[in-house]
>>> print(open('run-v7.txt').read())   # compact mmCIF, C-alpha atoms
# COMPACT_ATOMS: atom_id res chain seq x y z
CA MET J 1274 -2.85 23.50 9.83
CA VAL J 1275 -4.35 26.93 10.51
CA GLU J 1276 -7.89 26.64 11.84
CA GLY J 1277 -10.36 27.84 9.23
CA ALA J 1278 -7.76 27.67 6.43
CA LEU J 1279 -9.14 27.44 2.90
CA TYR J 1280 -7.99 25.76 -0.26
CA THR J 1281 -8.62 28.12 -3.16
CA ASP J 1282 -7.09 26.20 -6.08
CA TRP J 1283 -6.61 22.57 -7.05
CA GLU J 1284 -2.84 22.94 -7.52
CA THR J 1285 -2.36 23.62 -3.82
CA VAL J 1286 -4.66 20.73 -2.93
CA TYR J 1287 -2.50 18.50 -5.11
CA GLN J 1288 0.89 19.76 -3.91
CA ASP J 1289 -0.10 19.58 -0.23
CA ASN J 1290 -1.46 16.05 -0.45
CA VAL J 1291 0.16 14.04 -3.24
CA VAL J 1292 3.02 12.68 -1.13
CA LYS J 1293 0.70 11.86 1.77
CA VAL J 1294 -1.75 10.00 -0.48
CA TYR J 1295 1.13 8.10 -2.12
CA ARG J 1296 2.52 6.99 1.26
CA ILE J 1297 -0.89 5.81 2.43
CA MET J 1298 -1.39 3.87 -0.80
CA PHE J 1299 2.12 2.42 -0.67
CA SER J 1300 1.61 1.32 2.93
CA ARG J 1301 -1.41 -0.69 1.75
CA VAL J 1302 -0.23 -2.19 -1.55
CA GLY J 1303 3.53 -2.45 -0.94
CA ASN J 1304 4.65 -1.75 -4.52
CA ARG J 1305 5.39 1.35 -6.56
CA PRO J 1306 3.34 0.71 -9.77
CA ASP J 1307 0.07 0.10 -7.92
CA ALA J 1308 0.72 2.92 -5.43
CA GLU J 1309 1.28 5.34 -8.32
CA ASP J 1310 -1.88 4.26 -10.18
CA LEU J 1311 -4.03 4.46 -7.07
CA THR J 1312 -2.64 7.86 -6.09
CA SER J 1313 -3.44 9.24 -9.56
CA GLU J 1314 -6.91 7.78 -9.34
CA VAL J 1315 -7.61 9.51 -6.01
CA PHE J 1316 -6.83 12.93 -7.48
CA VAL J 1317 -8.50 12.36 -10.83
CA LYS J 1318 -11.65 11.21 -9.01
CA SER J 1319 -11.73 13.81 -6.28
CA LEU J 1320 -10.43 17.07 -7.76
CA PRO J 1321 -13.21 17.62 -10.35
CA ASN J 1322 -15.81 17.33 -7.60
CA LEU J 1323 -14.26 19.90 -5.29
CA ASN J 1324 -16.11 23.13 -4.91
CA LEU J 1325 -13.28 25.62 -4.29
CA PRO J 1326 -12.65 27.61 -2.22
CA SER J 1327 -13.36 25.08 0.54
CA PRO J 1328 -12.08 24.60 4.08
CA VAL J 1329 -8.92 22.46 4.23
CA ILE J 1330 -10.61 20.12 6.69
CA GLN J 1331 -13.47 19.52 4.25
CA VAL J 1332 -11.14 18.85 1.30
CA ASN J 1333 -9.10 16.45 3.45
CA GLY J 1334 -12.30 14.62 4.35
CA TYR J 1335 -13.14 14.33 0.68
CA ILE J 1336 -9.69 12.94 -0.12
CA ASN J 1337 -9.99 10.42 2.74
CA VAL J 1338 -13.25 9.12 1.26
CA ALA J 1339 -11.62 8.83 -2.18
CA ILE J 1340 -8.63 6.92 -0.74
CA ARG J 1341 -10.93 4.37 0.93
CA SER J 1342 -13.07 3.95 -2.16
CA VAL J 1343 -10.11 3.56 -4.56
CA LEU J 1344 -8.37 1.04 -2.29
CA ALA J 1345 -11.51 -1.03 -1.72
CA ASP J 1346 -12.07 -1.10 -5.49
CA HIS J 1347 -8.45 -2.18 -6.09
CA TRP J 1348 -8.74 -5.23 -3.82
CA ARG J 1349 -12.15 -6.10 -5.23
CA ARG J 1350 -11.18 -5.80 -8.91
CA HIS J 1351 -7.84 -7.60 -8.76
CA TYR J 1352 -8.29 -10.13 -5.95
CA GLY J 1353 -12.06 -10.58 -5.65
CA ALA J 1354 -12.23 -9.15 -2.13
CA PRO J 1355 -15.74 -8.33 -0.97
CA LEU J 1356 -16.47 -4.60 -1.11
CA VAL J 1357 -16.02 -3.52 2.48
CA ASP J 1358 -14.95 -0.29 4.08
CA VAL J 1359 -11.15 -0.28 4.10
CA GLU J 1360 -9.47 0.94 7.26
CA VAL J 1361 -6.78 3.46 6.36
CA GLU J 1362 -5.01 6.34 8.02
CA ASN J 1363 -6.55 9.75 7.50
CA ILE J 1364 -4.59 12.10 5.28
CA SER J 1365 -3.61 14.14 8.35
CA GLN J 1366 -1.91 11.04 9.79
CA ALA J 1367 -0.12 9.85 6.65
CA PRO J 1368 3.02 7.77 7.33
CA GLU J 1369 6.40 9.49 7.33
CA VAL J 1370 9.11 8.24 5.00
CA THR J 1371 10.16 4.81 6.27
CA SER J 1372 13.57 4.80 7.93
CA ALA J 1373 16.02 2.05 8.87
CA ASN J 1374 14.03 -0.65 10.60
CA ASP J 1375 14.35 -0.16 14.33
CA GLY J 1376 11.42 -2.40 15.15
CA THR J 1377 9.22 0.37 16.51
CA GLY J 1378 6.92 0.74 13.47
CA ARG J 1379 3.76 -1.31 13.10
CA ALA J 1380 5.51 -3.87 10.88
CA GLY J 1381 8.33 -4.23 13.40
CA ARG J 1382 5.85 -4.76 16.23
CA ILE J 1383 3.96 -7.38 14.22
CA LEU J 1384 7.20 -9.25 13.48
CA ALA J 1385 8.23 -9.10 17.14
CA LEU J 1386 5.02 -10.88 18.16
CA LEU J 1387 5.45 -13.82 15.76
CA PRO J 1388 6.94 -17.21 16.61
CA ASP J 1389 10.69 -17.40 15.83
CA ARG J 1390 10.49 -19.30 12.54
CA SER J 1391 7.65 -17.18 11.21
CA ARG J 1392 9.54 -14.01 12.08
CA ALA J 1393 12.74 -15.40 10.55
CA ILE J 1394 11.24 -16.23 7.14
CA LEU J 1395 9.53 -12.85 6.89
CA GLU J 1396 12.65 -10.93 7.94
CA LEU J 1397 14.75 -12.84 5.40
CA ARG J 1398 12.28 -12.14 2.60
CA PHE J 1399 11.05 -8.62 3.32
CA LEU J 1400 13.83 -6.94 5.28
CA ARG J 1401 16.90 -8.66 3.79
CA GLY J 1402 15.39 -9.19 0.33
CA CYS J 1403 16.52 -12.85 0.16
CA SER J 1404 15.18 -15.03 -2.65
CA ILE J 1405 13.08 -18.00 -1.58
CA LYS J 1406 16.09 -20.27 -2.27
CA GLU J 1407 18.41 -18.14 -0.12
CA ALA J 1408 15.83 -17.95 2.67
CA ALA J 1409 15.34 -21.73 2.49
CA ARG J 1410 19.11 -22.30 2.74
CA GLU J 1411 19.37 -19.95 5.76
CA MET J 1412 16.55 -21.79 7.48
CA GLY J 1413 17.73 -25.27 6.55
CA VAL J 1414 14.59 -26.25 4.66
CA SER J 1415 13.70 -26.95 1.02
CA PRO J 1416 12.45 -24.04 -1.15
CA GLY J 1417 9.01 -25.70 -1.19
CA ASN J 1418 8.91 -25.77 2.60
CA ALA J 1419 10.12 -22.16 2.75
CA LYS J 1420 7.11 -21.13 0.65
CA ILE J 1421 4.77 -22.98 3.01
CA LEU J 1422 6.45 -21.35 6.03
CA GLN J 1423 6.12 -17.97 4.34
CA TYR J 1424 2.40 -18.44 3.66
CA ARG J 1425 1.68 -19.54 7.21
CA ALA J 1426 3.81 -16.71 8.62
CA LEU J 1427 1.91 -14.12 6.58
CA ARG J 1428 -1.43 -15.45 7.78
CA LEU J 1429 -0.17 -15.26 11.36
CA ALA J 1430 1.12 -11.73 10.73
CA ALA J 1431 -2.34 -10.78 9.44
CA GLU J 1432 -3.94 -12.14 12.63
CA VAL J 1433 -1.45 -10.27 14.82
CA GLY J 1434 -2.07 -7.07 12.82
CA GLU J 1435 -5.83 -7.46 13.25
CA ARG J 1436 -5.44 -7.91 17.02
CA MET J 1437 -3.29 -4.78 17.20
CA LEU J 1438 -6.12 -2.77 15.59
CA SER J 1439 -8.85 -4.07 17.89
CA MET Z 623 -3.06 -25.06 -11.35
CA ARG Z 624 -1.17 -23.28 -8.59
CA GLY Z 625 -2.39 -23.41 -5.02
CA PRO Z 626 -2.43 -20.68 -2.38
CA VAL Z 627 1.16 -21.29 -1.26
CA ASP Z 628 2.52 -20.70 -4.77
CA ARG Z 629 0.19 -17.80 -5.51
CA ILE Z 630 1.26 -15.98 -2.35
CA ALA Z 631 4.92 -16.80 -3.07
CA ALA Z 632 4.60 -15.23 -6.53
CA PHE Z 633 2.88 -12.19 -5.05
CA VAL Z 634 5.66 -11.76 -2.45
CA GLU Z 635 8.33 -12.17 -5.13
CA ASP Z 636 6.77 -9.33 -7.11
CA LEU Z 637 6.58 -7.08 -4.05
CA ILE Z 638 10.20 -7.72 -3.14
CA HIS Z 639 11.21 -6.61 -6.63
CA ASN Z 640 8.81 -3.63 -6.47
CA ARG Z 641 6.89 -4.94 -9.49
CA ARG Z 642 3.15 -4.79 -10.04
CA PRO Z 643 2.09 -8.03 -8.34
CA CYS Z 644 0.25 -10.89 -10.02
CA ARG Z 645 -3.55 -10.78 -9.86
CA PHE Z 646 -5.78 -13.69 -8.89
CA LYS Z 647 -9.04 -14.41 -7.13
CA ALA Z 648 -8.00 -14.75 -3.51
CA SER Z 649 -9.72 -16.71 -0.75
CA PRO Z 650 -10.28 -14.84 2.55
CA GLU Z 651 -7.14 -16.54 3.95
CA GLU Z 652 -5.11 -15.46 0.94
CA MET Z 653 -6.50 -11.91 1.20
CA ALA Z 654 -5.21 -11.72 4.77
CA ALA Z 655 -1.78 -12.94 3.65
CA LEU Z 656 -1.71 -10.50 0.70
CA ARG Z 657 -2.44 -7.51 2.90
CA ALA Z 658 0.14 -8.57 5.49
CA ALA Z 659 2.74 -9.02 2.72
CA ALA Z 660 1.96 -5.57 1.31
CA GLU Z 661 2.32 -3.99 4.74
CA LEU Z 662 5.67 -5.68 5.37
CA ALA Z 663 6.96 -4.76 1.91
CA ALA Z 664 6.00 -1.14 2.53
CA ALA Z 665 8.05 -1.02 5.73
CA ARG Z 666 11.41 -1.29 3.92
CA PRO Z 667 13.50 1.79 4.66
CA GLY Z 668 12.87 4.61 2.17
CA ALA Z 669 10.52 2.48 0.08
CA ASN Z 670 7.58 4.87 0.39
CA ARG Z 671 9.35 7.85 -1.16
CA PRO Z 672 7.45 8.79 -4.34
CA ASP Z 673 9.34 9.30 -7.58
CA ARG Z 674 9.62 13.02 -8.39
CA GLN Z 675 8.86 12.36 -12.07
CA PHE Z 676 5.63 10.58 -11.11
CA VAL Z 677 4.49 13.58 -9.03
CA GLU Z 678 5.21 15.90 -11.96
CA ASN Z 679 3.53 13.60 -14.51
CA VAL Z 680 0.30 13.39 -12.52
CA HIS Z 681 0.34 17.15 -12.05
CA ALA Z 682 0.72 17.63 -15.80
CA TYR Z 683 -2.07 15.13 -16.53
CA ILE Z 684 -4.42 16.83 -14.08
CA SER Z 685 -3.55 20.26 -15.51
CA VAL Z 686 -4.88 19.08 -18.84
CA SER Z 687 -7.81 16.90 -17.80
CA VAL Z 688 -9.01 18.39 -14.52
CA GLY Z 689 -7.75 21.92 -15.17
CA ARG Z 690 -10.39 22.24 -17.87
CA ILE Z 691 -13.07 21.64 -15.28
CA ILE Z 692 -11.49 23.54 -12.37
CA PRO Z 693 -9.66 26.56 -13.84
>>> encode(input="run-v7.txt", output="structure tokens")
Amino acid sequence: MVEGALYTDWETVYQDNVVKVYRIMFSRVGNRPDAEDLTSEVFVKSLPNLNLPSPVIQVNGYINVAIRSVLADHWRRHYGAPLVDVEVENISQAPEVTSANDGTGRAGRILALLPDRSRAILELRFLRGCSIKEAAREMGVSPGNAKILQYRALRLAAEVGERMLS
Amino acid sequence: MRGPVDRIAAFVEDLIHNRRPCRFKASPEEMAALRAAAELAAARPGANRPDRQFVENVHAYISVSVGRIIP
């Protein structure tokens, strides 16, 4: 970004940022329909309030605030999460398109730190796309036990992820 | 009524199929699991590429609704 650069029209603000906002949203909700809705919401909420021309850095800051607010509201409305400040990447550090899993991304590092069976159930489900029955068969457990393993593994993954942030 | 294990399993199933996931009031433990599941689902190769039609549709919507306010 050129220092002191200005945005003069909303179309450029949109074109420069829509993919970045989508990737940030997708990285937090993990599914296309929600990521699309939340991305739209960020622009519909933030663009009317922009006073253009404005410095790029100021517009980016405004979009970052909108991303946090829209995400926090999503988790509160649909899952009853308390309204807290949501930690997300800034727009200038939006994720790149995800490539073949080589284990170096944050998700790969979280998986690498899990106990073997926790890592196995999550790899089968999320990376290989196995159904719960297929994952259960691979692991030699009943589908009911595979669901329990999956729940415990996700809670462990959340703890590992939290530790990586702190 | 379903317990946390089944609720999270249903949520994961929806993510794996890239569907809008089921909604429910989650306990703090479930919230942690939901967010971890979303992060893992988002790490699938190429999954975070937005649909071109979506980008165009939002642009068109904003042109009509927001474009009236910001010419």
>>> residues_around(input="run-v7.txt", residues="segment 673-676 of chain Z", least_positions_apart="2", cutoff="12 Å", atoms="all atoms listed in the file", output="list in words")
Gln1288, Val1291, Val1292, Tyr1295, Arg1296, Arg1305, Pro1306, Ala1308, Glu1309, Asp1310, Thr1312 and Ser1313 of chain J; Gly668, Ala669, Asn670, Arg671, Glu678, Asn679, Val680, His681, Ala682 and Tyr683 of chain Z
>>> atom_distance(input="run-v7.txt", atom1="atom CA of Met1412 of chain J", atom2="atom CA of Glu1432 of chain J")
23.2 Å
>>> closest_residue(input="run-v7.txt", among="J:Ser1391, J:Ser1439, J:Asn1333, J:Ser1404", to="chain Z", atoms="all atoms listed in the file")
J:Ser1404
>>> atom_distance(input="run-v7.txt", atom1="atom CA of Leu662 of chain Z", atom2="atom CA of Leu1397 of chain J")
11.6 Å
>>> interface_residues(input="run-v7.txt", of="chain J", to="chain Z", cutoff="7 Å", atoms="all atoms listed in the file", output="MDAnalysis selection string")
chainID J and resid 1292 1295:1296 1299:1307 1313 1317 1321 1351:1353 1370:1374 1380 1399:1400 1402 1420:1421 1424 1427:1428 1430:1431
